[in-house]
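Q: Once you've had a glance at the structure underneath, I'll fire off some questions.
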Amino acid sequence: MGRLPGVTYRKILPAVVLLSATVALTACGGDPDRPSTAAPTATSADSAAPPPTSPEATAAATAGPESSGAPSDEASTESSSPKLPLSPPPIELPPRQAGEPSAREVIAAFRAAGLKVANSRDRSEECGPDGLGLGCSELVVTDGIAVYVFPDEGSAIDMAERWDGVSHRKGTVVLNYLKAPTPKAERPRYEKVLDDLR
């Protein structure tokens with residue numbers, strides 16, 4: 001290609017480069033608020049995909065997602081979310097020894113003797129591994145005393161020794177004053193009721 005007379009190519013080249021860069025930037029980035037006007041074009045991979053040839057594939061392609069056996073969006077959402085247990089598994093406590101009083105029976109005996117047993121509540125779940133882990137069978141606490149029932153006398157002896165000075169044991173039952181405001185002068189009355197219980 002020949003040169004045009006009177007045209008200085010050294011001055012035009014930078015202008016062409018600048019104009020090309022401006023056009024390229026406008027096409028690539030442009031104004032982010034302005035929607036793109038370029039229409040999507042089919043790629044050669046899209047046009048080269050063969051149509052379904054078997055009768056099963058044709059039926060599946062024409063039938064919709066309901067009859068094709070494909071999971072719906074709702075089913076896939078449900079299966080992808082983790083299932084949490086509705087409630088924790090129950091704690092299995094060791095059984096109380098036959099012939100020994102229950103914690104509720106001890107509380108009832110205190111009440112019958114006119115002793116204070118306000119706000120009595122069953123806290124046996126604290127006997128298990130997720131609670132105090134003491135291995136007791138039953139635990140009932142009041143505002144003034146805690147009544148522990150152990151599955152055997154050996155366990156009761158061990159805990160009474162551990163709580164020495166703030167407890168009293170009879171058989172498999174241990175009275176605990178550790179977190180209870182029962183005055184020391186009143187404690188022998190509770191202990192006598194437990195000792196006489198049979």
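By order of appearance in the structure tokens: chains A, B, ..., then residues from 1 within every chain, and ligands from 1 in the order shown.
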Would you pick out the contacts of Thr172 in chain A at 9 Å or less, using only C-alpha atoms, so that residues sharing its chain but fewer than 3 positions from it are not included, and give the list as a list in words?
A: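 Residues near the query, excluding close chain neighbours: Arg96, Gln97, Glu100, Pro101, Tyr148, Val149, Phe150, Pro151, Asp152, Glu153, Gly154, Ser155, Ala156, Ile157 and Arg169 of chain A.
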Q: Write out, as an mmCIF file, in the first residue's frame, the residues just selected, with N, CA and C atoms.
A:
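This is the output file result-v1.cif:
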data_model
loop_
_atom_site.group_PDB
_atom_site.id
_atom_site.type_symbol
_atom_site.label_atom_id
_atom_site.label_comp_id
_atom_site.auth_asym_id
_atom_site.auth_seq_id
_atom_site.Cartn_x
_atom_site.Cartn_y
_atom_site.Cartn_z
ATOM 1 N N ARG A 96 -31.684 -47.414 90.432
ATOM 2 C CA ARG A 96 -31.593 -47.354 91.898
ATOM 3 C C ARG A 96 -31.645 -48.773 92.433
ATOM 4 N N GLN A 97 -30.903 -49.030 93.505
ATOM 5 C CA GLN A 97 -30.863 -50.369 94.106
ATOM 6 C C GLN A 97 -32.242 -50.710 94.686
ATOM 7 N N GLU A 100 -34.163 -49.570 98.228
ATOM 8 C CA GLU A 100 -33.660 -48.279 98.717
ATOM 9 C C GLU A 100 -34.678 -47.179 98.385
ATOM 10 N N PRO A 101 -34.787 -46.157 99.235
ATOM 11 C CA PRO A 101 -35.753 -45.089 98.967
ATOM 12 C C PRO A 101 -35.336 -44.240 97.774
ATOM 13 N N TYR A 148 -29.126 -37.066 96.867
ATOM 14 C CA TYR A 148 -28.558 -37.938 95.840
ATOM 15 C C TYR A 148 -28.868 -39.381 96.193
ATOM 16 N N VAL A 149 -29.270 -40.167 95.193
ATOM 17 C CA VAL A 149 -29.446 -41.604 95.366
ATOM 18 C C VAL A 149 -28.499 -42.279 94.381
ATOM 19 N N PHE A 150 -27.635 -43.156 94.899
ATOM 20 C CA PHE A 150 -26.647 -43.827 94.065
ATOM 21 C C PHE A 150 -27.070 -45.270 93.794
ATOM 22 N N PRO A 151 -26.544 -45.879 92.723
ATOM 23 C CA PRO A 151 -26.957 -47.240 92.369
ATOM 24 C C PRO A 151 -26.452 -48.302 93.337
ATOM 25 N N ASP A 152 -25.408 -47.981 94.099
ATOM 26 C CA ASP A 152 -24.886 -48.950 95.067
ATOM 27 C C ASP A 152 -24.266 -48.193 96.236
ATOM 28 N N GLU A 153 -24.082 -48.917 97.325
ATOM 29 C CA GLU A 153 -23.580 -48.283 98.546
ATOM 30 C C GLU A 153 -22.130 -47.834 98.409
ATOM 31 N N GLY A 154 -21.330 -48.555 97.638
ATOM 32 C CA GLY A 154 -19.932 -48.164 97.433
ATOM 33 C C GLY A 154 -19.809 -46.783 96.803
ATOM 34 N N SER A 155 -20.627 -46.515 95.783
ATOM 35 C CA SER A 155 -20.613 -45.191 95.139
ATOM 36 C C SER A 155 -21.056 -44.115 96.112
ATOM 37 N N ALA A 156 -22.065 -44.422 96.934
ATOM 38 C CA ALA A 156 -22.549 -43.457 97.920
ATOM 39 C C ALA A 156 -21.471 -43.144 98.954
ATOM 40 N N ILE A 157 -20.748 -44.172 99.394
ATOM 41 C CA ILE A 157 -19.669 -43.961 100.368
ATOM 42 C C ILE A 157 -18.583 -43.067 99.773
ATOM 43 N N ARG A 169 -24.653 -39.618 104.849
ATOM 44 C CA ARG A 169 -25.038 -40.792 104.067
ATOM 45 C C ARG A 169 -25.775 -41.808 104.924
#
Q: May I have the residues within 10 Å of Ala180 in chain A as a PyMOL selection string, using only C-alpha atoms and disregarding those fewer than 5 positions away in the same chain?
A: chain A and resi 141-146+166
Q: Write to file, as a tab-separated table (two decimals), in the first residue's frame, the residues of the selection just made, with all heavy atoms.
A:
chain	number	residue	atom	x	y	z
A	141	VAL	N	-33.17	-31.60	94.21
A	141	VAL	CA	-32.64	-30.50	95.01
A	141	VAL	C	-33.78	-29.61	95.47
A	141	VAL	O	-34.82	-29.51	94.80
A	141	VAL	CB	-31.60	-29.67	94.22
A	141	VAL	CG1	-30.41	-30.50	93.85
A	141	VAL	CG2	-32.21	-29.05	92.99
A	142	THR	N	-33.58	-28.98	96.62
A	142	THR	CA	-34.51	-27.98	97.14
A	142	THR	C	-33.68	-26.73	97.42
A	142	THR	O	-32.48	-26.70	97.18
A	142	THR	CB	-35.19	-28.45	98.43
A	142	THR	OG1	-34.22	-28.48	99.48
A	142	THR	CG2	-35.81	-29.83	98.27
A	143	ASP	N	-34.33	-25.71	97.94
A	143	ASP	CA	-33.59	-24.50	98.28
A	143	ASP	C	-32.65	-24.73	99.46
A	143	ASP	O	-31.73	-23.95	99.67
A	143	ASP	CB	-34.56	-23.36	98.60
A	143	ASP	CG	-35.27	-22.86	97.35
A	143	ASP	OD1	-34.84	-23.19	96.24
A	143	ASP	OD2	-36.28	-22.13	97.50
A	144	GLY	N	-32.87	-25.81	100.22
A	144	GLY	CA	-32.06	-26.02	101.42
A	144	GLY	C	-31.18	-27.25	101.42
A	144	GLY	O	-30.27	-27.35	102.24
A	145	ILE	N	-31.42	-28.21	100.52
A	145	ILE	CA	-30.67	-29.46	100.58
A	145	ILE	C	-30.73	-30.17	99.22
A	145	ILE	O	-31.65	-29.95	98.43
A	145	ILE	CB	-31.25	-30.38	101.69
A	145	ILE	CG1	-30.30	-31.50	102.04
A	145	ILE	CG2	-32.62	-30.91	101.30
A	145	ILE	CD1	-30.68	-32.22	103.33
A	146	ALA	N	-29.74	-31.02	98.95
A	146	ALA	CA	-29.73	-31.85	97.74
A	146	ALA	C	-29.72	-33.31	98.17
A	146	ALA	O	-28.95	-33.70	99.05
A	146	ALA	CB	-28.51	-31.54	96.88
A	166	VAL	N	-19.87	-31.71	104.63
A	166	VAL	CA	-21.06	-31.05	104.07
A	166	VAL	C	-22.06	-32.08	103.55
A	166	VAL	O	-22.88	-31.78	102.69
A	166	VAL	CB	-20.69	-30.05	102.95
A	166	VAL	CG1	-19.98	-28.84	103.50
A	166	VAL	CG2	-19.90	-30.73	101.84
Q: For Ser167 in chain A, which of A:Ala118, A:Val147, A:Val140, A:Leu86 is the closest residue, counting only C-alpha atoms?
A: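 Looking only at the distances to Ser167 in chain A, the closest residue turns out to be A:Val147.
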Q: May I ask for the distance between CA of Pro95 in chain A and CA of Ser137 in chain A, given in Å to one decimal place?
A: 5.7 Å
Q: Have a look at A:Glu191, A:Pro94, A:His168, A:Glu138 and name the one nearest to Glu125 in chain A; count only C-alpha atoms.
A: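 Result for the nearest residue to Glu125 in chain A: A:Glu138.
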Q: Here is a test: counting only C-alpha atoms, which residue of A:Asp195, A:Asp158, A:Glu105, A:Asp164 is nearest to Gly135 in chain A?
A: A:Asp158
Q: Give me every strand (DSSP E) residue in range 115-151 of chain A, going by DSSP on the backbone, as a PyMOL selection string.
A: chain A and resi 121-122+138-141+146-149
Q: If you count only C-alpha atoms, which residues fall within 10 Å of Ala113 in chain A, apart from same-chain ones fewer than 3 positions away, as number ranges by chain?
A: A: 107-110, 116, 189-190, 193
